[in-house]
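Source file: my_file.cif. Holds: mmCIF, C-alpha atoms.
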```cif
data_start
#
loop_
_atom_site.label_atom_id
_atom_site.label_comp_id
_atom_site.auth_asym_id
_atom_site.auth_seq_id
_atom_site.Cartn_x
_atom_site.Cartn_y
_atom_site.Cartn_z
CA MET A 257 -54.71 -178.17 254.19
CA THR A 258 -54.82 -174.54 255.22
CA LEU A 259 -54.56 -172.11 252.30
CA PRO A 260 -52.33 -169.04 252.52
CA ASP A 261 -53.48 -165.49 251.92
CA ARG A 262 -51.30 -165.41 248.81
CA THR A 263 -51.25 -168.10 246.14
CA ASP A 264 -47.97 -167.28 244.44
CA ILE A 265 -44.82 -166.13 246.24
CA PRO A 266 -41.91 -165.32 243.92
CA ALA A 267 -38.47 -166.15 245.24
CA PRO A 268 -35.99 -163.26 245.33
CA HIS A 269 -33.25 -165.35 243.73
CA ASP A 270 -32.23 -165.93 240.08
CA ASP A 271 -35.09 -167.50 238.10
CA LEU A 272 -36.70 -169.39 240.99
CA VAL A 273 -40.38 -169.28 241.84
CA VAL A 274 -41.80 -170.84 245.00
CA ARG A 275 -45.47 -171.79 244.80
CA PRO A 276 -47.84 -173.43 247.29
CA VAL A 277 -49.03 -176.98 246.74
CA THR A 278 -52.63 -176.71 245.58
CA THR A 279 -53.41 -179.79 243.46
CA ARG A 280 -53.19 -183.56 243.78
CA ALA A 281 -50.41 -183.54 241.21
CA ASP A 282 -48.52 -181.00 243.31
CA LEU A 283 -48.96 -183.13 246.43
CA LYS A 284 -47.71 -186.26 244.68
CA LEU A 285 -44.67 -184.34 243.43
CA PHE A 286 -44.08 -182.92 246.92
CA THR A 287 -44.21 -186.44 248.41
CA THR A 288 -41.82 -188.00 245.90
CA LEU A 289 -39.43 -185.09 245.35
CA PRO A 290 -36.51 -186.33 247.52
CA ARG A 291 -35.98 -189.45 245.43
CA ARG A 292 -36.06 -187.33 242.29
CA ILE A 293 -33.49 -184.72 243.37
CA TYR A 294 -31.21 -186.95 245.47
CA ALA A 295 -31.08 -189.88 243.03
CA GLY A 296 -27.50 -190.98 242.50
CA MET A 297 -26.09 -189.18 245.54
CA ALA A 298 -23.78 -191.40 247.60
CA GLY A 299 -25.62 -192.83 250.62
CA PHE A 300 -29.15 -191.92 249.54
CA VAL A 301 -31.82 -194.63 249.48
CA PRO A 302 -35.38 -193.58 248.58
CA ALA A 303 -38.20 -194.10 251.05
CA PHE A 304 -41.37 -195.80 249.90
CA ASP A 305 -43.80 -193.40 248.25
CA MET A 306 -46.57 -195.14 250.20
CA GLU A 307 -44.79 -194.51 253.51
CA GLN A 308 -44.22 -190.84 252.64
CA ASP A 309 -47.85 -190.49 251.60
CA ASP A 310 -48.94 -191.71 255.06
CA LEU A 311 -46.61 -189.13 256.58
CA LEU A 312 -47.50 -186.14 254.39
CA ASN A 313 -50.99 -186.59 252.95
CA PRO A 314 -53.45 -184.29 254.80
CA LYS A 315 -56.13 -186.98 254.50
CA LYS A 316 -53.94 -189.56 256.26
CA ALA A 317 -51.47 -187.84 258.59
CA PRO A 318 -53.05 -187.38 262.06
CA ILE A 319 -51.12 -184.16 262.77
CA PHE A 320 -53.48 -182.30 260.45
CA ARG A 321 -56.16 -182.68 263.13
CA HIS A 322 -54.37 -180.13 265.32
CA ALA A 323 -51.98 -178.25 263.06
CA SER A 324 -52.17 -175.75 260.20
CA ILE A 325 -49.67 -176.77 257.55
CA ARG A 326 -48.77 -175.36 254.16
CA TYR A 327 -46.57 -177.02 251.56
CA PHE A 328 -44.44 -175.20 248.99
CA LEU A 329 -42.46 -176.30 245.94
CA ALA A 330 -39.55 -174.39 244.43
CA TRP A 331 -39.51 -174.33 240.63
CA ARG A 332 -36.85 -173.47 238.12
CA GLY A 333 -38.76 -173.33 234.89
CA ASN A 334 -40.81 -176.52 234.71
CA THR A 335 -38.52 -178.44 237.07
CA ALA A 336 -39.18 -178.76 240.79
CA VAL A 337 -35.91 -178.24 242.67
CA GLY A 338 -37.01 -178.11 246.32
CA ARG A 339 -39.80 -178.40 248.85
CA ILE A 340 -40.66 -177.16 252.34
CA ALA A 341 -43.53 -177.32 254.83
CA ALA A 342 -44.54 -174.43 257.08
CA ILE A 343 -46.19 -175.71 260.26
CA VAL A 344 -48.25 -174.16 263.05
CA ASP A 345 -48.68 -177.00 265.53
CA HIS A 346 -51.32 -175.76 267.98
CA ARG A 347 -50.62 -178.53 270.52
CA ALA A 348 -46.93 -177.62 270.49
CA ILE A 349 -47.66 -173.93 270.96
CA GLU A 350 -49.95 -174.72 273.90
CA HIS A 351 -47.20 -176.80 275.51
CA TRP A 352 -44.37 -174.34 274.83
CA GLY A 353 -46.33 -171.21 275.68
CA MET A 354 -44.57 -169.47 272.80
CA LYS A 355 -45.52 -168.61 269.23
CA ILE A 356 -43.03 -170.89 267.53
CA GLY A 357 -43.81 -172.05 264.02
CA CYS A 358 -41.84 -174.83 262.40
CA PHE A 359 -40.48 -175.71 259.02
CA GLY A 360 -40.06 -179.26 257.82
CA ALA A 361 -39.81 -181.59 254.83
CA LEU A 362 -36.91 -179.42 253.69
CA ASP A 363 -35.36 -181.14 250.68
CA ALA A 364 -33.70 -179.37 247.79
CA VAL A 365 -30.89 -179.44 245.33
CA PRO A 366 -27.93 -178.27 247.45
CA GLU A 367 -27.85 -174.68 246.19
CA GLY A 368 -27.94 -171.64 248.43
CA SER A 369 -30.48 -169.75 246.33
CA VAL A 370 -32.97 -172.64 246.45
CA VAL A 371 -32.64 -173.33 250.18
CA SER A 372 -32.83 -169.65 251.16
CA ALA A 373 -35.87 -169.07 248.91
CA LEU A 374 -37.73 -172.00 250.47
CA LEU A 375 -36.92 -170.90 254.01
CA GLU A 376 -37.92 -167.30 253.26
CA THR A 377 -41.25 -168.44 251.84
CA ALA A 378 -42.00 -170.57 254.90
CA ARG A 379 -41.00 -167.68 257.17
CA ASN A 380 -43.31 -165.28 255.34
CA TRP A 381 -46.23 -167.69 255.70
CA LEU A 382 -45.54 -168.23 259.42
CA ARG A 383 -45.42 -164.46 259.89
CA LEU A 384 -48.93 -164.25 258.42
CA GLN A 385 -50.05 -166.82 261.01
CA GLY A 386 -48.76 -164.64 263.86
CA MET A 387 -45.67 -166.70 264.68
CA GLN A 388 -42.63 -165.01 266.24
CA THR A 389 -39.98 -167.74 265.89
CA MET A 390 -39.25 -170.37 263.24
CA ARG A 391 -37.67 -173.71 264.18
CA GLY A 392 -36.88 -176.91 262.34
CA PRO A 393 -36.70 -179.04 260.41
CA VAL A 394 -39.33 -181.48 261.64
CA THR A 395 -41.55 -183.64 259.46
CA LEU A 396 -44.14 -182.78 260.43
CA SER A 397 -43.67 -182.84 264.19
CA GLY A 398 -40.98 -183.36 266.79
CA ASN A 399 -42.60 -186.79 267.20
CA GLY A 400 -41.70 -187.64 263.61
CA GLU A 401 -38.57 -187.11 261.55
CA SER A 402 -36.52 -184.49 263.38
CA GLY A 403 -33.44 -182.50 262.49
CA LEU A 404 -31.31 -182.04 259.41
CA MET A 405 -28.65 -184.69 258.88
CA VAL A 406 -25.19 -183.14 259.25
CA GLU A 407 -23.11 -186.29 259.87
CA GLY A 408 -23.53 -189.92 258.80
CA GLN A 409 -24.69 -189.61 255.20
CA ASP A 410 -22.64 -192.67 254.26
CA GLN A 411 -24.07 -194.86 257.03
CA PRO A 412 -27.00 -197.29 256.54
CA LEU A 413 -30.35 -195.53 256.46
CA MET A 414 -32.74 -196.04 259.35
CA VAL A 415 -36.53 -195.99 259.46
CA ALA A 416 -38.17 -192.63 260.30
CA MET A 417 -34.85 -190.75 260.16
CA PRO A 418 -34.16 -188.09 257.51
CA TRP A 419 -31.30 -187.97 254.99
CA HIS A 420 -29.80 -184.77 253.56
CA PRO A 421 -26.72 -183.96 251.49
CA ARG A 422 -23.69 -182.82 253.50
CA LEU A 423 -23.90 -179.23 252.25
CA MET A 424 -27.46 -178.63 253.45
CA GLY A 425 -26.57 -177.65 257.02
CA LYS A 426 -24.20 -174.93 255.85
CA LEU A 427 -26.81 -173.61 253.42
CA VAL A 428 -29.40 -173.34 256.20
CA GLU A 429 -26.93 -171.45 258.38
CA ASP A 430 -25.98 -169.19 255.46
CA ALA A 431 -29.70 -168.30 255.25
CA GLY A 432 -29.56 -166.89 258.78
CA TYR A 433 -30.57 -169.87 260.91
CA LYS A 434 -28.64 -170.76 264.07
CA PRO A 435 -28.19 -174.27 265.51
CA VAL A 436 -30.16 -174.76 268.73
CA GLU A 437 -29.85 -178.51 269.41
CA ASP A 438 -28.14 -181.58 268.01
CA LEU A 439 -29.73 -185.03 267.95
CA VAL A 440 -27.34 -187.99 267.92
CA SER A 441 -27.70 -191.69 267.20
CA TYR A 442 -25.53 -194.63 268.21
CA LYS A 443 -24.93 -197.93 266.43
CA LEU A 444 -25.05 -200.81 268.91
CA ASP A 445 -23.82 -204.21 267.71
CA LEU A 446 -25.80 -207.08 269.20
CA ASP A 447 -23.12 -209.63 269.98
CA ASP A 448 -21.56 -211.46 272.90
CA LYS A 449 -18.81 -208.87 273.21
CA THR A 450 -21.26 -206.00 273.63
CA GLU A 451 -23.45 -207.94 276.06
CA ALA A 452 -20.41 -208.80 278.18
CA ARG A 453 -19.35 -205.14 278.23
CA PHE A 454 -22.79 -203.88 279.22
CA LYS A 455 -23.63 -204.81 282.79
CA VAL A 456 -26.40 -203.54 285.06
CA PRO A 457 -24.72 -202.03 288.15
CA GLY A 458 -24.23 -204.64 290.84
CA ASP A 459 -25.51 -207.38 288.48
CA LEU A 460 -28.96 -206.74 289.94
CA GLN A 461 -31.73 -209.08 288.84
CA ILE A 462 -35.33 -208.17 288.04
CA GLY A 463 -37.71 -209.35 290.75
CA GLU A 464 -34.99 -209.93 293.31
CA GLY A 465 -33.56 -207.92 296.22
CA ARG A 466 -33.63 -204.17 295.55
CA LEU A 467 -35.52 -204.88 292.32
CA GLY A 468 -38.13 -207.09 293.95
CA SER A 469 -40.94 -204.67 293.04
CA ILE A 470 -39.88 -204.52 289.37
CA ALA A 471 -41.40 -206.58 286.56
CA ILE A 472 -40.95 -206.49 282.78
CA ARG A 473 -43.71 -206.94 280.22
CA ARG A 474 -43.59 -207.70 276.51
CA LEU A 475 -45.90 -206.73 273.69
CA SER A 476 -49.24 -208.51 273.54
CA LYS A 477 -50.97 -208.47 270.17
CA LYS A 478 -54.29 -208.89 271.98
CA GLN A 479 -53.58 -205.85 274.17
CA ILE A 480 -51.69 -203.73 271.65
CA ALA A 481 -54.22 -200.87 271.81
CA GLU A 482 -54.07 -200.72 275.63
CA GLN A 483 -50.27 -200.99 275.63
CA GLY A 484 -50.09 -198.28 272.98
CA GLU A 485 -51.99 -195.92 275.30
CA ILE A 486 -49.69 -196.80 278.21
CA LEU A 487 -46.72 -196.13 275.94
CA ARG A 488 -48.18 -192.75 274.92
CA GLN A 489 -48.79 -191.68 278.52
CA LEU A 490 -45.30 -192.76 279.59
CA TYR A 491 -43.75 -190.99 276.62
CA ASN A 492 -45.62 -187.75 277.32
CA ASP A 493 -44.62 -187.93 280.97
CA ALA A 494 -40.97 -188.86 280.40
CA TRP A 495 -40.29 -186.35 277.63
CA SER A 496 -42.44 -183.40 278.66
CA ASP A 497 -39.50 -181.23 279.73
CA LYS A 498 -37.28 -182.03 276.73
CA PHE A 499 -36.42 -179.43 274.11
CA ASN A 500 -38.93 -179.27 271.24
CA PHE A 501 -41.20 -181.86 272.84
CA VAL A 502 -44.78 -182.00 271.55
CA PRO A 503 -47.39 -184.05 273.45
CA LEU A 504 -48.34 -187.14 271.49
CA GLN A 505 -52.10 -187.32 270.94
CA ASP A 506 -54.10 -190.54 271.32
CA TYR A 507 -55.07 -190.55 267.65
CA GLU A 508 -51.41 -190.17 266.67
CA MET A 509 -50.49 -193.22 268.73
CA LYS A 510 -53.34 -195.22 267.20
CA ALA A 511 -52.08 -194.34 263.73
CA MET A 512 -48.53 -195.34 264.70
CA ILE A 513 -49.66 -198.68 266.11
CA LYS A 514 -51.70 -199.38 262.97
CA GLN A 515 -48.63 -198.78 260.79
CA LEU A 516 -46.26 -200.81 262.97
CA ALA A 517 -48.51 -203.72 263.93
CA PRO A 518 -47.60 -205.92 260.92
CA VAL A 519 -43.88 -205.93 261.83
CA LEU A 520 -43.99 -205.85 265.65
CA ARG A 521 -43.21 -208.91 267.75
CA PRO A 522 -43.55 -209.43 271.53
CA GLU A 523 -39.78 -208.93 271.92
CA HIS A 524 -39.96 -205.44 270.44
CA TYR A 525 -41.60 -203.84 273.47
CA VAL A 526 -40.12 -203.45 276.94
CA GLN A 527 -42.40 -202.12 279.65
CA ILE A 528 -40.97 -201.86 283.16
CA ASP A 529 -43.50 -201.86 286.01
CA GLN A 530 -42.96 -200.99 289.66
CA ASP A 531 -45.55 -202.55 291.97
CA GLY A 532 -47.77 -203.05 288.93
CA GLU A 533 -47.51 -199.45 287.70
CA PRO A 534 -45.69 -198.65 284.39
CA VAL A 535 -42.58 -196.53 285.02
CA ALA A 536 -40.46 -196.94 281.87
CA MET A 537 -40.61 -198.20 278.32
CA ALA A 538 -38.61 -198.90 275.19
CA LEU A 539 -39.89 -199.77 271.73
CA VAL A 540 -37.85 -201.41 268.97
CA VAL A 541 -38.89 -200.79 265.36
CA PRO A 542 -37.48 -203.00 262.57
CA ASN A 543 -35.59 -201.08 259.88
CA LEU A 544 -37.73 -201.08 256.75
CA TYR A 545 -34.71 -200.19 254.60
CA ASP A 546 -33.27 -203.65 255.25
CA ILE A 547 -35.95 -205.29 253.14
CA ALA A 548 -36.98 -202.41 250.87
CA GLY A 549 -33.79 -200.49 250.13
CA ASP A 550 -33.20 -202.27 246.83
CA LEU A 551 -36.79 -201.89 245.58
CA GLY A 552 -36.87 -198.12 244.99
CA GLY A 553 -39.49 -195.68 246.14
CA SER A 554 -42.13 -197.05 243.79
CA PRO A 555 -41.65 -200.84 243.43
CA SER A 556 -42.80 -202.86 240.46
CA PRO A 557 -45.44 -205.60 240.96
CA LEU A 558 -42.56 -208.07 241.36
CA GLY A 559 -41.02 -205.72 243.91
CA TRP A 560 -44.19 -205.79 246.01
CA VAL A 561 -44.17 -209.60 245.90
CA LYS A 562 -40.56 -209.58 247.14
CA LEU A 563 -41.45 -207.14 249.91
CA ALA A 564 -44.38 -209.27 251.07
CA ALA A 565 -42.16 -212.35 251.24
CA ARG A 566 -39.49 -210.48 253.19
CA LEU A 567 -42.06 -209.11 255.64
CA THR A 568 -43.55 -212.56 256.19
CA THR A 569 -40.15 -214.05 257.00
CA HIS A 570 -39.00 -210.96 258.95
CA ARG A 571 -35.76 -210.59 257.01
CA PHE A 572 -34.57 -207.55 258.94
CA HIS A 573 -31.03 -207.35 260.26
CA SER A 574 -31.24 -203.97 262.03
CA ALA A 575 -33.73 -201.98 264.07
CA ARG A 576 -34.13 -198.71 265.92
CA VAL A 577 -34.80 -198.24 269.63
CA ILE A 578 -37.32 -195.40 269.98
CA LEU A 579 -39.44 -193.97 272.79
CA LEU A 580 -36.96 -194.91 275.52
CA GLY A 581 -38.04 -193.02 278.62
CA VAL A 582 -38.68 -193.03 282.37
CA THR A 583 -41.56 -191.50 284.31
CA GLN A 584 -40.75 -188.17 285.93
CA ARG A 585 -41.71 -189.39 289.39
CA LEU A 586 -38.53 -191.49 289.38
CA ARG A 587 -36.33 -188.58 288.36
CA GLY A 588 -33.50 -187.99 290.79
CA THR A 589 -33.85 -191.44 292.39
CA VAL A 590 -31.47 -194.39 292.27
CA LEU A 591 -34.12 -196.47 290.51
CA GLY A 592 -34.77 -193.71 287.98
CA ALA A 593 -31.08 -193.69 287.05
CA LEU A 594 -31.04 -197.48 286.82
CA VAL A 595 -34.20 -198.16 284.80
CA PRO A 596 -32.85 -197.15 281.33
CA SER A 597 -30.00 -199.60 281.88
CA LEU A 598 -32.53 -202.30 282.77
CA ALA A 599 -34.42 -201.64 279.53
CA ILE A 600 -31.27 -201.88 277.39
CA ALA A 601 -30.12 -204.99 279.28
CA GLU A 602 -33.49 -206.61 278.63
CA LEU A 603 -33.19 -205.88 274.90
CA MET A 604 -29.71 -207.40 274.93
CA ARG A 605 -31.11 -210.56 276.52
CA ARG A 606 -33.78 -210.81 273.84
CA ARG A 607 -31.30 -210.54 270.96
CA LYS A 608 -31.14 -214.32 270.47
CA SER A 609 -34.83 -214.42 269.56
CA LEU A 610 -34.54 -211.49 267.15
CA PRO A 611 -32.72 -211.53 263.78
CA TYR A 612 -30.94 -208.19 264.24
CA SER A 613 -27.17 -207.87 264.17
CA TRP A 614 -27.33 -204.25 265.35
CA VAL A 615 -29.74 -201.60 266.58
CA GLU A 616 -29.69 -197.83 266.50
CA LEU A 617 -30.08 -196.01 269.81
CA GLY A 618 -31.57 -192.67 268.95
CA TRP A 619 -32.09 -190.12 268.49
CA ILE A 620 -30.80 -188.68 271.78
CA GLN A 621 -30.54 -184.96 272.44
CA ALA A 622 -26.88 -183.94 272.60
CA SER A 623 -27.66 -181.92 275.74
CA ASP A 624 -29.15 -184.97 277.52
CA SER A 625 -26.04 -186.02 279.44
CA ASN A 626 -27.74 -188.89 281.30
CA MET A 627 -28.92 -190.68 278.17
CA ARG A 628 -25.68 -189.94 276.33
CA ASN A 629 -23.65 -191.35 279.21
CA LEU A 630 -25.75 -194.52 279.09
CA ALA A 631 -25.30 -194.87 275.32
CA GLU A 632 -21.60 -194.07 275.47
CA SER A 633 -21.02 -196.64 278.18
CA ILE A 634 -21.68 -199.13 275.37
CA VAL A 635 -20.75 -197.20 272.20
CA PRO A 636 -18.07 -194.49 272.55
CA GLU A 637 -19.22 -192.17 269.76
CA PRO A 638 -22.43 -191.37 267.85
CA TYR A 639 -22.43 -192.45 264.23
CA LYS A 640 -25.05 -189.95 263.02
CA ARG A 641 -25.89 -186.38 263.92
CA TYR A 642 -28.92 -184.26 263.11
CA ARG A 643 -29.40 -180.56 263.83
CA LEU A 644 -32.30 -178.27 264.70
CA TYR A 645 -32.14 -174.60 263.72
CA GLU A 646 -34.00 -171.48 264.76
CA ARG A 647 -34.52 -167.90 263.64
CA GLN A 648 -36.70 -165.03 264.81
CA ILE A 649 -39.43 -164.37 262.26
CA ASP A 650 -38.68 -160.64 262.06
CA ASP A 651 -34.90 -161.00 262.30
CA PRO A 652 -33.53 -158.98 259.35
CA ALA A 653 -30.19 -160.81 259.36
#
```
What's the structure tokens form of this structure?
Amino acid sequence: MTLPDRTDIPAPHDDLVVRPVTTRADLKLFTTLPRRIYAGMAGFVPAFDMEQDDLLNPKKAPIFRHASIRYFLAWRGNTAVGRIAAIVDHRAIEHWGMKIGCFGALDAVPEGSVVSALLETARNWLRLQGMQTMRGPVTLSGNGESGLMVEGQDQPLMVAMPWHPRLMGKLVEDAGYKPVEDLVSYKLDLDDKTEARFKVPGDLQIGEGRLGSIAIRRLSKKQIAEQGEILRQLYNDAWSDKFNFVPLQDYEMKAMIKQLAPVLRPEHYVQIDQDGEPVAMALVVPNLYDIAGDLGGSPSPLGWVKLAARLTTHRFHSARVILLGVTQRLRGTVLGALVPSLAIAELMRRRKSLPYSWVELGWIQASDSNMRNLAESIVPEPYKRYRLYERQIDDPA
């Protein structure tokens, strides 16, 4: 973890002090803080401490191989009341060609003085690193948890998606940050009614007629490493021109596959090939909150036994569709417009072999009209919304 030039940055508000995370005890507190400050708030369900440790621990999270990251905690007396990460992602900066630093892991008691102090501290640190713009929140990358939840706090939680109190968005804007992109998610019920409503144009069939060169592959546990690399290359190709995109590194994909392997089944992966070459993909991830939401962030020994039993029997009832994308060489073609529909249709066909009653499509960038039109041909409105904000580092406002 990169150390700042200063080790204590006082916040210019009431009796707050914002200090960098420097000890193991600090890091543990940083990792578990959301469940401490959001406990009892309607709609909040704590994530597993173990999962958050994989995401945030510099010794475990692969992003630390190519990013300089500094964590801060806000204190009021002896009580921690907020946290934030300041991030210089060197791979992102190379891709963007701009000196944009990010903030992430923003969680705090919903008070303006706390939120503004945390953001100001992160901005000061990014200024010292030579950054010109500050964007976020992301934890700790645009390939991880992205955006600040502004709608949907009362909806079921979904794996790898953040939760924030309703007031947080306003507090970030009050601190001088402007919205730059919304990320939306859709709740898709997996039932006969939805399947009947969702039809591939012309009722085309894979491997026949105009789709004679198209084939669909499933996940192979024996080839999961090779398929993971194909997925990474397709993702980097399909998403390279999207806002806030960061190229996914091979070691990041390996870490993701290692985490997901215990819960993935062949039906969870859709790979669409054209003449033997991968052109599109979709990955379904079971929703961990289905089987862990009642166990708390730090389960008892009995809780771990319950979790193991639920994992073994795959007692999930929801999942999230992530990494849905199409290679750029099909952009602007009839097949390129059709392939996302083929992927969703294939997932609908597989629903009888999966235990899920619904899946989340998302997130999707609000400005991505093609993907939104596809989603809204099935589900009229998003059920959750997240927001990315931006501010110039030296903006005095």
For the provided coordinates, the residues matched by the PyMOL selection byres ((chain A and resi 313) around 12) should be stated as an NGL selection string. :A and (257 or 277 or 279-280 or 282-288 or 305-312 or 314-320 or 325-327 or 395-396)
Just give me the residues with any atom within 6 Å of (-36.1, -204.8, 274.0), file coordinates, counting only C-alpha atoms, written as a PDB file with C-alpha atoms, in the frame of the given file.
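Done, and the output landed in selection28.pdb:
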```pdb
ATOM      1  CA  GLU A 523     -39.780-208.930 271.920  1.00  0.00           C
ATOM      2  CA  HIS A 524     -39.960-205.440 270.440  1.00  0.00           C
ATOM      3  CA  TYR A 525     -41.600-203.840 273.470  1.00  0.00           C
ATOM      4  CA  VAL A 526     -40.120-203.450 276.940  1.00  0.00           C
ATOM      5  CA  GLU A 602     -33.490-206.610 278.630  1.00  0.00           C
ATOM      6  CA  LEU A 603     -33.190-205.880 274.900  1.00  0.00           C
TER       7      LEU A 603
END
```
Residues matched by the PyMOL selection byres ((chain A and resi 323) around 7) as a ChimeraX atom specification: /A:319-322,324-325,343-346
Please return, as a PDB file with C-alpha atoms, in the frame of the given file, all polymer residues that have at least one atom within 10 Å of the point (-34.5, -190.9, 284.6); use all atoms listed in the file and the file's own coordinate frame.
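And here's selection16.pdb as it stands now:
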```pdb
ATOM      1  CA  ALA A 494     -40.970-188.860 280.400  1.00  0.00           C
ATOM      2  CA  VAL A 535     -42.580-196.530 285.020  1.00  0.00           C
ATOM      3  CA  ALA A 536     -40.460-196.940 281.870  1.00  0.00           C
ATOM      4  CA  GLY A 581     -38.040-193.020 278.620  1.00  0.00           C
ATOM      5  CA  VAL A 582     -38.680-193.030 282.370  1.00  0.00           C
ATOM      6  CA  THR A 583     -41.560-191.500 284.310  1.00  0.00           C
ATOM      7  CA  GLN A 584     -40.750-188.170 285.930  1.00  0.00           C
ATOM      8  CA  ARG A 585     -41.710-189.390 289.390  1.00  0.00           C
ATOM      9  CA  LEU A 586     -38.530-191.490 289.380  1.00  0.00           C
ATOM     10  CA  ARG A 587     -36.330-188.580 288.360  1.00  0.00           C
ATOM     11  CA  GLY A 588     -33.500-187.990 290.790  1.00  0.00           C
ATOM     12  CA  THR A 589     -33.850-191.440 292.390  1.00  0.00           C
ATOM     13  CA  VAL A 590     -31.470-194.390 292.270  1.00  0.00           C
ATOM     14  CA  LEU A 591     -34.120-196.470 290.510  1.00  0.00           C
ATOM     15  CA  GLY A 592     -34.770-193.710 287.980  1.00  0.00           C
ATOM     16  CA  ALA A 593     -31.080-193.690 287.050  1.00  0.00           C
ATOM     17  CA  LEU A 594     -31.040-197.480 286.820  1.00  0.00           C
ATOM     18  CA  VAL A 595     -34.200-198.160 284.800  1.00  0.00           C
ATOM     19  CA  PRO A 596     -32.850-197.150 281.330  1.00  0.00           C
ATOM     20  CA  ASN A 626     -27.740-188.890 281.300  1.00  0.00           C
ATOM     21  CA  MET A 627     -28.920-190.680 278.170  1.00  0.00           C
TER      22      MET A 627
END
```
Report, as JSON, the axis-aligned box around all atoms of segment 571-579 of chain A present in the file, extended by 8 Å on each side; give centre and edge lengths in Å to one decimal place.
```
{"center_x": -35.2, "center_y": -202.3, "center_z": 264.9, "size_x": 24.4, "size_y": 32.6, "size_z": 31.8}
```
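Nearest residue to Phe572 of chain A among A:Ala341, A:Met387, A:Val615, A:Leu558 is A:Val615, counting all atoms listed in the file.
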Residues selected by the PyMOL selection byres ((chain A and resi 533) around 12), written as a PyMOL selection string: chain A and resi 469-473+486+490+527-532+534-537+583+585
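Interatomic distance, atom CA of Arg292 of chain A against atom CA of Arg339 of chain A: 11.7 Å.
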Exercise: Lys510 of chain A partners within 8 Å, all atoms listed in the file, chain neighbours under 4 positions left out, as a PyMOL selection string: chain A and resi 481+484+506+514
Tell me, in Å to one decimal, how far atom CA of Leu374 of chain A is from atom CA of Tyr294 of chain A. 17.1 Å
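Going from atom CA of Thr377 of chain A over to atom CA of Asn334 of chain A, you cover 18.9 Å.
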Could you list, with a cut-off of 9 Å and counting only C-alpha atoms, the residues of segment 453-503 of chain A near segment 398-416 of chain A, each shown with its nearest atom pair and the distance in Å rounded to one decimal, rows sorted by chain and ascending number, as a tab-separated table?
```
residue	atom	partner	partner_atom	distance
A:Asn500	CA	A:Gly398	CA	6.4
A:Phe501	CA	A:Gly398	CA	6.2
A:Val502	CA	A:Gly398	CA	6.2
A:Pro503	CA	A:Asn399	CA	8.3
```
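Residue nearest Tyr612 of chain A, chosen from A:Ala575, A:Leu520, A:Leu598, A:Leu329 and counting all atoms listed in the file: A:Ala575.
Proximity ranking of A:Leu467, A:Ala330, A:Val541, A:Met424 relative to Glu376 of chain A places A:Ala330 first, based on all atoms listed in the file.
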For Glu646 of chain A, please output as a VMD selection string all residues within 6 Å (counting only C-alpha atoms; exclusion window: fewer than 2 positions along the same chain). chain A and resid 390 to 391 433 to 434
Restricting the calculation to all atoms listed in the file: of A:Ala342, A:Leu551, A:Ala517, A:Val577, which residue gets closest to Phe304 of chain A? A:Leu551
For Phe454 of chain A, list every protein, DNA or RNA residue within 9 Å, evaluated using only C-alpha atoms, and leave out those in the same chain fewer than 3 positions away; present the list as a ChimeraX atom specification. /A:449-451,597,600-601,604,633-634
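Of the listed residues (A:Pro421, A:Gly392, A:Gly559, A:Gly618), A:Gly618 comes nearest to Leu579 of chain A; the distances count only C-alpha atoms.
Ranking A:Gln483, A:Ser574, A:Ser554, A:Ser441 by their shortest atom-to-atom distance to Glu637 of chain A, with only C-alpha atoms included, puts A:Ser441 first.
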Could segment 526-534 of chain A be completed with N, CA and C atoms and written as a PDB file, in the frame of the given file, please?
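Writing the result to rebuild-v7.pdb gives the following:
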```pdb
ATOM      1  N   VAL A 526     -40.528-203.266 275.540  1.00  0.00           N
ATOM      2  CA  VAL A 526     -40.120-203.450 276.940  1.00  0.00           C
ATOM      3  C   VAL A 526     -40.906-202.457 277.786  1.00  0.00           C
ATOM      4  N   GLN A 527     -41.700-202.970 278.690  1.00  0.00           N
ATOM      5  CA  GLN A 527     -42.400-202.120 279.650  1.00  0.00           C
ATOM      6  C   GLN A 527     -41.964-202.532 281.052  1.00  0.00           C
ATOM      7  N   ILE A 528     -41.443-201.587 281.800  1.00  0.00           N
ATOM      8  CA  ILE A 528     -40.970-201.860 283.160  1.00  0.00           C
ATOM      9  C   ILE A 528     -42.005-201.328 284.151  1.00  0.00           C
ATOM     10  N   ASP A 529     -42.499-202.211 284.993  1.00  0.00           N
ATOM     11  CA  ASP A 529     -43.500-201.860 286.010  1.00  0.00           C
ATOM     12  C   ASP A 529     -42.862-201.880 287.388  1.00  0.00           C
ATOM     13  N   GLN A 530     -43.323-200.984 288.248  1.00  0.00           N
ATOM     14  CA  GLN A 530     -42.960-200.990 289.660  1.00  0.00           C
ATOM     15  C   GLN A 530     -44.232-201.152 290.469  1.00  0.00           C
ATOM     16  N   ASP A 531     -44.328-202.248 291.196  1.00  0.00           N
ATOM     17  CA  ASP A 531     -45.550-202.550 291.970  1.00  0.00           C
ATOM     18  C   ASP A 531     -46.785-202.475 291.078  1.00  0.00           C
ATOM     19  N   GLY A 532     -46.647-202.977 289.851  1.00  0.00           N
ATOM     20  CA  GLY A 532     -47.770-203.050 288.930  1.00  0.00           C
ATOM     21  C   GLY A 532     -48.046-201.783 288.133  1.00  0.00           C
ATOM     22  N   GLU A 533     -47.297-200.708 288.401  1.00  0.00           N
ATOM     23  CA  GLU A 533     -47.510-199.450 287.700  1.00  0.00           C
ATOM     24  C   GLU A 533     -46.380-199.226 286.672  1.00  0.00           C
ATOM     25  N   PRO A 534     -46.726-198.887 285.401  1.00  0.00           N
ATOM     26  CA  PRO A 534     -45.690-198.650 284.390  1.00  0.00           C
ATOM     27  C   PRO A 534     -44.817-197.447 284.756  1.00  0.00           C
TER      28      PRO A 534
END
```
